[in-house]
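A.B. asks: Handing over target.txt, compact mmCIF, C-alpha atoms.
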```txt
# COMPACT_ATOMS: atom_id res chain seq x y z
CA MET S 1 107.60 -28.05 238.23
CA ALA S 2 107.13 -31.20 236.39
CA GLU S 3 109.06 -34.12 235.51
CA THR S 4 111.18 -34.72 232.50
CA GLU S 5 109.62 -32.19 230.09
CA ARG S 6 111.92 -29.32 230.78
CA ASP S 7 114.54 -27.37 228.90
CA GLU S 8 116.78 -25.31 231.17
CA LYS S 9 117.86 -22.95 228.43
CA VAL S 10 114.28 -22.20 227.42
CA SER S 11 113.29 -21.81 231.07
CA ALA S 12 116.10 -19.37 231.73
CA GLY S 13 115.28 -17.46 228.54
CA TYR S 14 111.63 -17.34 229.44
CA ARG S 15 112.36 -15.96 232.91
CA ALA S 16 114.58 -13.31 231.35
CA LEU S 17 111.68 -12.05 229.23
CA GLY S 18 110.46 -10.10 232.22
CA SER S 19 108.26 -10.39 235.23
CA GLU S 20 105.33 -8.15 234.51
CA GLU S 21 102.86 -7.58 237.31
CA PRO S 22 99.30 -6.29 237.22
CA PRO S 23 98.88 -2.56 237.89
CA ARG S 24 98.28 -1.53 241.48
CA ALA S 25 94.82 -0.17 240.70
CA LEU S 26 93.79 -3.59 239.45
CA ASP S 27 95.11 -5.26 242.61
CA ASP S 28 93.11 -2.82 244.71
CA ALA S 29 89.92 -3.33 242.72
CA ILE S 30 90.16 -7.12 243.00
CA LEU S 31 90.99 -7.09 246.70
CA GLN S 32 88.12 -4.72 247.41
CA ALA S 33 85.75 -6.98 245.52
CA SER S 34 86.97 -9.95 247.55
CA ARG S 35 86.06 -8.20 250.80
CA ARG S 36 82.44 -7.64 249.89
CA SER S 37 79.93 -9.67 251.83
CA PRO S 38 79.03 -12.80 249.93
CA ALA S 39 75.37 -12.23 250.79
CA ARG S 40 75.42 -9.23 248.50
CA TRP S 41 76.27 -11.15 245.40
CA ARG S 42 75.50 -14.78 245.91
CA VAL S 43 71.76 -14.58 245.41
CA PRO S 44 71.20 -16.24 242.06
CA LEU S 45 69.38 -14.36 239.37
CA SER S 46 66.88 -17.21 239.18
CA ILE S 47 65.66 -16.48 242.72
CA ALA S 48 65.01 -12.86 241.87
CA ALA S 49 63.22 -13.92 238.71
CA VAL S 50 61.04 -16.41 240.59
CA LEU S 51 60.15 -13.81 243.21
CA VAL S 52 59.20 -11.23 240.62
CA LEU S 53 57.09 -13.82 238.81
CA ALA S 54 55.43 -14.94 242.07
CA VAL S 55 54.54 -11.37 242.96
CA GLY S 56 53.15 -10.77 239.50
CA VAL S 57 50.97 -13.88 239.65
CA THR S 58 49.80 -13.05 243.19
CA LEU S 59 48.79 -9.56 242.20
CA ARG S 60 46.82 -10.88 239.26
CA MET S 61 44.97 -13.41 241.41
CA LEU S 62 43.99 -10.90 244.10
CA PRO S 63 40.60 -9.14 243.89
CA PRO S 64 40.65 -5.60 242.49
CA GLN S 65 41.72 -2.83 244.83
CA PRO S 66 38.85 -1.12 246.64
CA ASP S 67 38.17 2.39 245.47
CA ALA S 68 37.63 5.48 247.66
CA GLU S 69 33.94 4.75 248.12
CA SER S 70 34.51 1.26 249.48
CA ILE S 71 37.16 2.61 251.84
CA ALA S 72 34.53 4.94 253.30
CA LEU S 73 32.20 1.98 253.83
CA ALA S 74 34.84 -0.22 255.38
CA PRO S 75 34.11 0.52 259.08
CA GLN S 76 30.80 -1.34 258.88
CA VAL S 77 32.47 -4.32 257.30
CA ILE S 78 35.08 -4.37 260.05
CA GLU S 79 32.55 -4.10 262.83
CA THR S 80 30.68 -7.31 262.12
CA PRO S 81 33.21 -10.01 263.12
CA ARG S 82 34.14 -8.25 266.37
CA PRO S 83 33.68 -10.57 269.42
CA ALA S 84 30.80 -9.75 271.73
CA SER S 85 33.10 -9.18 274.70
CA ALA S 86 35.12 -6.49 272.96
CA PRO S 87 34.14 -2.89 273.63
CA PRO S 88 32.61 -1.10 270.68
CA ALA S 89 35.16 0.63 268.53
CA GLN S 90 35.45 4.37 268.88
CA PRO S 91 35.06 6.47 265.74
CA LYS S 92 38.79 7.22 265.67
CA GLU S 93 39.64 3.56 265.90
CA GLN S 94 37.12 2.80 263.21
CA ALA S 95 38.80 5.23 260.90
CA LYS S 96 42.17 3.66 261.62
CA LEU S 97 40.82 0.19 261.02
CA ALA S 98 39.24 1.34 257.80
CA ALA S 99 42.46 2.80 256.62
CA ARG S 100 44.25 -0.45 257.43
CA ALA S 101 41.58 -2.71 256.03
CA ALA S 102 40.99 -1.01 252.74
CA PRO S 103 44.32 -1.57 251.02
CA ALA S 104 44.50 -5.13 252.35
CA PRO S 105 46.27 -6.72 249.40
CA GLU S 106 49.15 -4.28 249.48
CA PRO S 107 50.85 -5.19 252.76
CA ALA S 108 50.97 -8.80 251.61
CA ALA S 109 52.46 -7.91 248.27
CA ALA S 110 54.73 -5.06 249.27
CA PRO S 111 57.30 -7.02 251.32
CA ALA S 112 57.55 -9.61 248.58
CA MET S 113 58.15 -6.93 246.02
CA ALA S 114 60.73 -5.34 248.26
CA VAL S 115 62.50 -8.67 248.59
CA ALA S 116 62.42 -9.13 244.85
CA ALA S 117 63.76 -5.66 244.22
CA ASP S 118 66.44 -6.21 246.80
CA SER S 119 67.38 -9.52 245.23
CA ALA S 120 67.54 -7.93 241.83
CA ARG S 121 69.80 -5.20 243.20
CA ARG S 122 72.06 -7.73 244.86
CA ASP S 123 72.13 -9.72 241.66
CA GLU S 124 73.14 -6.66 239.74
CA VAL S 125 76.06 -6.37 242.11
CA GLY S 126 76.70 -10.07 241.67
CA LEU S 127 76.76 -9.85 237.93
CA ARG S 128 79.13 -6.94 238.10
CA ALA S 129 81.34 -8.90 240.45
CA ALA S 130 81.30 -11.76 237.97
CA GLY S 131 82.65 -9.42 235.35
CA VAL S 132 79.42 -8.99 233.42
CA SER S 133 79.75 -5.28 234.08
CA LEU S 134 82.18 -3.34 236.19
CA SER S 135 82.03 -3.01 239.95
CA PRO S 136 82.48 0.53 241.33
CA GLU S 137 86.09 -0.25 242.23
CA ALA S 138 86.79 -1.79 238.85
CA TRP S 139 85.08 1.15 237.19
CA LEU S 140 87.35 3.58 239.05
CA ALA S 141 90.34 1.48 238.13
CA ARG S 142 89.26 1.68 234.51
CA ILE S 143 88.98 5.47 234.74
CA ALA S 144 92.47 5.64 236.22
CA GLU S 145 93.70 3.46 233.39
CA LEU S 146 92.07 5.76 230.80
CA ARG S 147 93.86 8.73 232.33
CA LYS S 148 97.11 6.85 232.29
CA GLN S 149 96.62 6.28 228.61
CA GLY S 150 95.95 10.00 228.06
CA ARG S 151 92.27 9.42 227.22
CA THR S 152 91.27 12.30 229.48
CA ARG S 153 87.96 13.09 227.86
CA GLU S 154 86.78 9.51 228.07
CA ALA S 155 87.97 9.39 231.66
CA ASP S 156 86.05 12.58 232.53
CA GLU S 157 82.89 11.31 230.86
CA SER S 158 83.21 7.98 232.58
CA LEU S 159 83.71 9.68 235.94
CA GLU S 160 80.61 11.83 235.42
CA GLU S 161 78.64 8.70 234.58
CA PHE S 162 80.05 7.00 237.65
CA LYS S 163 78.95 9.88 239.91
CA LYS S 164 75.45 9.71 238.48
CA ARG S 165 75.28 5.97 238.98
CA TYR S 166 76.79 5.99 242.45
CA PRO S 167 76.04 9.44 243.91
CA ASP S 168 76.81 8.26 247.45
CA TYR S 169 79.97 6.38 246.63
CA LYS S 170 82.95 7.79 248.43
CA ILE S 171 85.72 7.89 245.87
CA PRO S 172 88.90 7.05 247.78
CA GLU S 173 91.24 8.79 245.39
CA THR S 174 90.07 10.92 242.50
CA PRO S 175 91.34 9.12 239.40
CA ARG S 176 92.88 12.10 237.66
CA MET P 1 90.64 -20.90 249.56
CA LEU P 2 88.60 -22.87 252.07
CA ALA P 3 89.40 -20.25 254.71
CA TYR P 4 88.31 -17.52 252.31
CA ARG P 5 85.13 -19.42 251.50
CA GLN P 6 84.37 -19.44 255.22
CA GLY P 7 84.67 -15.68 255.39
CA ASP P 8 88.36 -15.07 256.04
CA ALA P 9 89.07 -12.13 253.72
CA GLY P 10 92.73 -12.16 254.70
CA ALA P 11 93.09 -15.64 253.25
CA PHE P 12 92.21 -14.30 249.84
CA GLU P 13 94.90 -11.65 250.07
CA GLY P 14 97.48 -14.38 250.66
CA LEU P 15 96.26 -16.37 247.68
CA TYR P 16 96.17 -13.29 245.53
CA ALA P 17 99.69 -12.21 246.45
CA ARG P 18 101.02 -15.68 245.65
CA HIS P 19 99.32 -16.11 242.30
CA LYS P 20 98.94 -12.62 240.86
CA GLY P 21 102.28 -12.41 239.03
CA PRO P 22 102.22 -15.83 237.36
CA LEU P 23 98.55 -15.52 236.44
CA PHE P 24 99.01 -12.04 235.03
CA ARG P 25 101.96 -13.13 232.88
CA PHE P 26 100.09 -16.22 231.80
CA VAL P 27 97.21 -14.08 230.56
CA LEU P 28 99.44 -11.37 229.11
CA ARG P 29 101.51 -13.82 227.11
CA SER P 30 98.44 -15.69 226.02
CA VAL P 31 96.60 -12.70 224.58
CA LYS P 32 99.62 -10.43 223.96
CA GLU P 33 97.76 -7.15 224.50
CA ARG P 34 98.21 -5.46 227.82
CA SER P 35 94.84 -3.72 228.15
CA LEU P 36 93.03 -6.87 227.11
CA ALA P 37 95.17 -8.94 229.45
CA GLU P 38 94.26 -6.65 232.35
CA GLU P 39 90.58 -6.98 231.55
CA LEU P 40 90.69 -10.78 231.33
CA TYR P 41 92.89 -11.02 234.42
CA GLN P 42 90.36 -9.05 236.43
CA GLU P 43 87.48 -11.14 235.12
CA ILE P 44 89.26 -14.33 236.12
CA TRP P 45 89.70 -13.13 239.70
CA MET P 46 86.10 -11.94 239.82
CA ARG P 47 85.01 -15.40 238.81
CA VAL P 48 87.18 -16.87 241.55
CA ILE P 49 85.52 -14.55 244.07
CA GLU P 50 82.08 -15.28 242.79
CA ALA P 51 82.65 -19.04 242.72
CA ARG P 52 84.23 -19.31 246.15
CA GLY P 53 81.09 -20.90 247.57
CA ARG P 54 81.41 -23.70 245.06
CA TYR P 55 85.09 -24.37 245.68
CA ALA P 56 85.73 -27.92 246.84
CA VAL P 57 88.99 -29.60 247.62
CA GLN P 58 89.10 -31.81 244.57
CA ALA P 59 92.17 -30.23 243.09
CA LYS P 60 94.71 -27.82 244.43
CA PHE P 61 93.82 -24.17 244.21
CA THR P 62 96.36 -23.48 241.46
CA THR P 63 94.76 -26.03 239.16
CA TRP P 64 91.32 -24.62 239.89
CA LEU P 65 92.51 -21.07 239.25
CA TYR P 66 94.06 -21.95 235.91
CA THR P 67 91.02 -23.97 234.91
CA ILE P 68 89.01 -20.78 235.28
CA ALA P 69 91.69 -18.85 233.39
CA HIS P 70 91.72 -21.46 230.62
CA HIS P 71 87.95 -21.18 230.18
CA ARG P 72 88.00 -17.40 230.11
CA ILE P 73 90.83 -17.25 227.58
CA THR P 74 89.22 -19.94 225.45
CA ASP P 75 86.04 -17.82 225.37
CA HIS P 76 88.16 -14.92 224.27
CA TRP P 77 89.75 -16.91 221.46
CA ARG P 78 86.36 -18.08 220.28
CA LYS P 79 85.17 -14.51 220.07
CA ARG P 80 88.29 -13.49 218.18
CA GLY P 81 87.91 -16.34 215.70
CA LEU P 82 90.17 -16.18 212.69
CA GLN P 83 92.57 -13.61 214.06
CA LEU P 84 94.18 -16.46 215.92
CA VAL P 85 95.78 -18.09 212.95
CA ASP P 86 97.44 -14.96 211.61
CA LEU P 87 100.98 -15.71 212.67
CA ALA P 88 102.43 -12.63 211.00
CA ASP P 89 100.24 -10.44 213.15
CA ALA P 90 101.04 -12.53 216.16
CA ASP P 91 104.72 -11.95 215.65
CA ALA P 92 104.22 -8.22 215.28
CA VAL P 93 102.26 -8.11 218.49
CA ALA P 94 104.85 -10.26 220.18
CA HIS P 95 107.48 -7.65 219.47
CA ARG P 96 105.30 -4.97 220.97
CA ALA P 97 104.67 -7.10 224.01
CA PHE P 98 108.18 -8.28 224.73
CA GLU P 99 110.61 -6.06 222.93
CA PRO P 100 111.29 -3.58 225.76
CA GLU P 101 112.61 -6.23 228.11
CA ALA P 102 114.44 -8.15 225.44
CA ARG P 103 116.02 -5.00 224.06
CA ALA P 104 117.00 -3.77 227.45
CA GLU P 105 118.82 -7.03 227.91
CA GLY P 106 120.39 -6.58 224.49
CA ARG P 107 119.78 -10.21 223.73
CA GLN P 108 118.61 -11.26 220.35
CA ASP P 109 117.99 -14.80 221.51
CA LEU P 110 115.36 -13.44 223.90
CA GLN P 111 113.72 -11.51 221.11
CA ARG P 112 113.62 -14.65 219.02
CA LEU P 113 112.26 -16.60 221.98
CA ALA P 114 109.52 -14.02 222.51
CA ALA P 115 108.56 -14.11 218.85
CA ALA P 116 108.59 -17.90 218.80
CA LEU P 117 106.46 -18.06 221.93
CA SER P 118 103.99 -15.66 220.44
CA GLY P 119 103.93 -17.61 217.18
CA LEU P 120 103.17 -20.96 218.82
CA PRO P 121 99.73 -22.46 218.25
CA GLU P 122 97.50 -21.42 221.15
CA LEU P 123 97.28 -24.82 222.77
CA GLN P 124 101.03 -25.33 222.70
CA ARG P 125 101.67 -21.85 224.05
CA GLU P 126 99.08 -22.33 226.78
CA THR P 127 100.60 -25.66 227.77
CA PHE P 128 104.08 -24.19 227.88
CA LEU P 129 102.91 -21.23 229.99
CA LEU P 130 100.98 -23.43 232.40
CA HIS P 131 104.08 -25.52 232.84
CA GLU P 132 106.68 -22.80 232.97
CA GLU P 133 104.82 -19.87 234.49
CA ALA P 134 102.17 -21.52 236.64
CA GLY P 135 104.32 -24.50 237.58
CA LEU P 136 101.64 -27.07 236.80
CA SER P 137 102.52 -30.71 236.25
CA LEU P 138 101.38 -32.49 233.11
CA ALA P 139 98.53 -34.11 235.02
CA GLU P 140 97.44 -30.71 236.33
CA ILE P 141 97.70 -29.14 232.89
CA ALA P 142 95.54 -31.95 231.53
CA ALA P 143 92.97 -31.31 234.28
CA ALA P 144 92.96 -27.54 233.79
CA THR P 145 92.61 -27.69 230.01
CA GLY P 146 90.35 -30.72 229.71
CA ALA P 147 92.95 -32.60 227.71
CA THR P 148 94.54 -35.98 228.22
CA GLU P 149 97.90 -36.14 229.88
CA GLU P 150 99.36 -37.55 226.68
CA ALA P 151 98.04 -34.59 224.70
CA ALA P 152 99.47 -32.16 227.24
CA LYS P 153 102.83 -33.91 227.08
CA SER P 154 102.87 -33.82 223.31
CA ARG P 155 101.97 -30.12 223.19
CA LEU P 156 104.65 -29.28 225.69
CA ARG P 157 107.28 -31.20 223.76
CA TYR P 158 106.43 -29.44 220.53
CA ALA P 159 106.45 -26.07 222.24
CA LEU P 160 109.80 -26.67 223.90
CA ALA P 161 111.32 -27.90 220.66
CA ARG P 162 110.20 -24.81 218.76
CA LEU P 163 111.31 -22.41 221.46
CA ARG P 164 114.69 -24.09 221.79
CA GLU P 165 115.12 -23.98 218.04
CA ALA P 166 114.32 -20.27 218.01
CA MET P 167 116.89 -19.55 220.72
CA ASP P 168 119.58 -21.56 218.97
CA ASP P 169 118.92 -19.95 215.61
CA GLY P 170 121.27 -17.05 216.12
```
Would you kindly transcribe this structure into structure tokens?

C.D. replies:
Amino acid sequence: MAETERDEKVSAGYRALGSEEPPRALDDAILQASRRSPARWRVPLSIAAVLVLAVGVTLRMLPPQPDAESIALAPQVIETPRPASAPPAQPKEQAKLAARAAPAPEPAAAPAMAVAADSARRDEVGLRAAGVSLSPEAWLARIAELRKQGRTREADESLEEFKKRYPDYKIPETPR
Amino acid sequence: MLAYRQGDAGAFEGLYARHKGPLFRFVLRSVKERSLAEELYQEIWMRVIEARGRYAVQAKFTTWLYTIAHHRITDHWRKRGLQLVDLADADAVAHRAFEPEARAEGRQDLQRLAAALSGLPELQRETFLLHEEAGLSLAEIAAATGATEEAAKSRLRYALARLREAMDDG
């Protein structure tokens, strides 16, 4: 405590005002949030946005998707670059190759989209962790707080909403 | 905090246990409404958790923590706008916030102290709380609030004078 700027009487009076502590549910929610893996919430929103944009641009630049007719013709297209030493492809193999070759743009785009979606999901978690919206633990703490305040209906509605949003979330203690 | 940044979750629990009471009372006595205080308190800790990767040893953790708290509460005041200057309301809320303890003690000087604390201008009250509750030095208060050390000293003096006056008024 600092220096000369101190008044013992005021300090003693202030201490006597009480020593309120945060509710236990709040402690638990914060500690749970602190244990989450940083990788889940440290991906910046900008990265997700850039990925989504990149995927969008890539998809626009790619040639149009082949239709069913071109898929049927694909085996011939595949055959031509085959090296002379390779044995001729069997009909079954041709069909497989055709199936793989036809939707060519998709495998390239799909992982990128998955990454973007995953980033967006992690960012959602990150934003909740940052207090932009509630984390599951904080949400449960809020429900418990509503019950404590006698706002049962709001608590029930909030719990229903929670279960819809996080159907797989194991609720440690039903906040009733 | 450095240990926590490097993945030691237990380190956070130690920090939390040490700072939770003072920080909670700092927020509670700043905003005077328990439910709001709980909300802001949680947001402050969430920001600490989120910002752990950016923590650097430029100031001690306490100063860093209360810098975050100062910013969050300042945002809150900005959103509330004119309600801040209504001292009559502030006093009424102060009684709701502090009366149980003060009454239980049966001490009118504490009730007057609580009302005076609540009625202080925000910056003076914040400075007093950072000094008294968080244990920050004037230099640390200046760093946490973005003020000069002289300004922090002046605010603290005014706050102490008004609180002392309120206690002696009986």

A.B. asks: How many Å lie between atom CA of Glu165 of chain P and atom CA of Ala134 of chain P, rounded to one decimal?

C.D. replies: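 Atom-to-atom, atom CA of Glu165 of chain P to atom CA of Ala134 of chain P, that is 22.8 Å.
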
A.B. asks: What are the residues of chain P that have an atom within 9 Å of an atom of chain S, counting all atoms listed in the file, as a ChimeraX atom specification?

C.D. replies: /P:7-10,12-13,16,20-22,24-25,28,35,38,41-51,53,98-99,101-102,105,109-111,113-114,131-138,153,156-157,160-161,163-164,167

A.B. asks: Using all atoms of segment 129-146 of chain P listed in the file and a margin of 3 Å per side, can you give the axis-aligned box centre and edge lengths in Å to one decimal, as JSON?

C.D. replies:
```
{"center_x": 98.5, "center_y": -27.0, "center_z": 233.6, "size_x": 22.3, "size_y": 20.2, "size_z": 13.9}
```

A.B. asks: Of the candidates P:Ala143, P:Ala37, P:Ile68, P:Ala151, which shows the shortest atom-to-atom distance to Leu123 of chain P, using all atoms listed in the file?

C.D. replies: P:Ala151

A.B. asks: If I only have part of segment 14-43 of chain P, can you fill in N, CA and C atoms and write it as a CSV table (one decimal), in the coordinates of the input?

C.D. replies:
```csv
chain,number,residue,atom,x,y,z
P,14,GLY,N,96.3,-13.5,250.8
P,14,GLY,CA,97.5,-14.4,250.7
P,14,GLY,C,97.5,-15.1,249.3
P,15,LEU,N,96.4,-15.6,249.0
P,15,LEU,CA,96.3,-16.4,247.7
P,15,LEU,C,96.6,-15.4,246.5
P,16,TYR,N,96.0,-14.2,246.6
P,16,TYR,CA,96.2,-13.3,245.5
P,16,TYR,C,97.6,-12.9,245.4
P,17,ALA,N,98.3,-12.6,246.5
P,17,ALA,CA,99.7,-12.2,246.4
P,17,ALA,C,100.5,-13.3,245.8
P,18,ARG,N,100.2,-14.6,246.1
P,18,ARG,CA,101.0,-15.7,245.6
P,18,ARG,C,100.8,-15.9,244.2
P,19,HIS,N,99.6,-15.7,243.7
P,19,HIS,CA,99.3,-16.1,242.3
P,19,HIS,C,99.2,-15.0,241.3
P,20,LYS,N,99.2,-13.7,241.8
P,20,LYS,CA,98.9,-12.6,240.9
P,20,LYS,C,100.0,-12.5,239.7
P,21,GLY,N,101.3,-12.6,240.1
P,21,GLY,CA,102.3,-12.4,239.0
P,21,GLY,C,102.2,-13.5,238.0
P,22,PRO,N,102.3,-14.8,238.4
P,22,PRO,CA,102.2,-15.8,237.4
P,22,PRO,C,100.9,-15.8,236.5
P,23,LEU,N,99.8,-15.5,237.2
P,23,LEU,CA,98.6,-15.5,236.4
P,23,LEU,C,98.5,-14.4,235.5
P,24,PHE,N,99.0,-13.2,235.9
P,24,PHE,CA,99.0,-12.0,235.0
P,24,PHE,C,99.9,-12.3,233.8
P,25,ARG,N,101.1,-12.9,234.0
P,25,ARG,CA,102.0,-13.1,232.9
P,25,ARG,C,101.4,-14.2,232.0
P,26,PHE,N,100.7,-15.2,232.6
P,26,PHE,CA,100.1,-16.2,231.8
P,26,PHE,C,99.1,-15.6,230.8
P,27,VAL,N,98.3,-14.7,231.4
P,27,VAL,CA,97.2,-14.1,230.6
P,27,VAL,C,97.9,-13.1,229.5
P,28,LEU,N,98.8,-12.3,230.0
P,28,LEU,CA,99.4,-11.4,229.1
P,28,LEU,C,100.1,-12.1,227.9
P,29,ARG,N,100.8,-13.1,228.2
P,29,ARG,CA,101.5,-13.8,227.1
P,29,ARG,C,100.6,-14.7,226.3
P,30,SER,N,99.4,-14.9,226.8
P,30,SER,CA,98.4,-15.7,226.0
P,30,SER,C,97.8,-14.8,225.0
P,31,VAL,N,97.4,-13.6,225.5
P,31,VAL,CA,96.6,-12.7,224.6
P,31,VAL,C,97.4,-11.6,224.0
P,32,LYS,N,98.6,-11.3,224.5
P,32,LYS,CA,99.6,-10.4,224.0
P,32,LYS,C,99.3,-8.9,223.9
P,33,GLU,N,98.2,-8.6,224.5
P,33,GLU,CA,97.8,-7.2,224.5
P,33,GLU,C,97.5,-6.8,226.0
P,34,ARG,N,98.2,-5.8,226.4
P,34,ARG,CA,98.2,-5.5,227.8
P,34,ARG,C,96.8,-5.1,228.3
P,35,SER,N,96.1,-4.2,227.6
P,35,SER,CA,94.8,-3.7,228.2
P,35,SER,C,93.9,-4.9,228.2
P,36,LEU,N,93.9,-5.7,227.1
P,36,LEU,CA,93.0,-6.9,227.1
P,36,LEU,C,93.4,-7.9,228.2
P,37,ALA,N,94.7,-8.0,228.4
P,37,ALA,CA,95.2,-8.9,229.4
P,37,ALA,C,94.7,-8.5,230.8
P,38,GLU,N,94.7,-7.2,231.1
P,38,GLU,CA,94.3,-6.6,232.4
P,38,GLU,C,92.8,-6.9,232.6
P,39,GLU,N,92.0,-6.7,231.5
P,39,GLU,CA,90.6,-7.0,231.6
P,39,GLU,C,90.3,-8.5,231.9
P,40,LEU,N,90.9,-9.3,231.1
P,40,LEU,CA,90.7,-10.8,231.3
P,40,LEU,C,91.2,-11.2,232.7
P,41,TYR,N,92.3,-10.7,233.1
P,41,TYR,CA,92.9,-11.0,234.4
P,41,TYR,C,91.9,-10.7,235.5
P,42,GLN,N,91.3,-9.5,235.4
P,42,GLN,CA,90.4,-9.0,236.4
P,42,GLN,C,89.1,-9.9,236.4
P,43,GLU,N,88.7,-10.3,235.2
P,43,GLU,CA,87.5,-11.1,235.1
P,43,GLU,C,87.7,-12.5,235.7
```
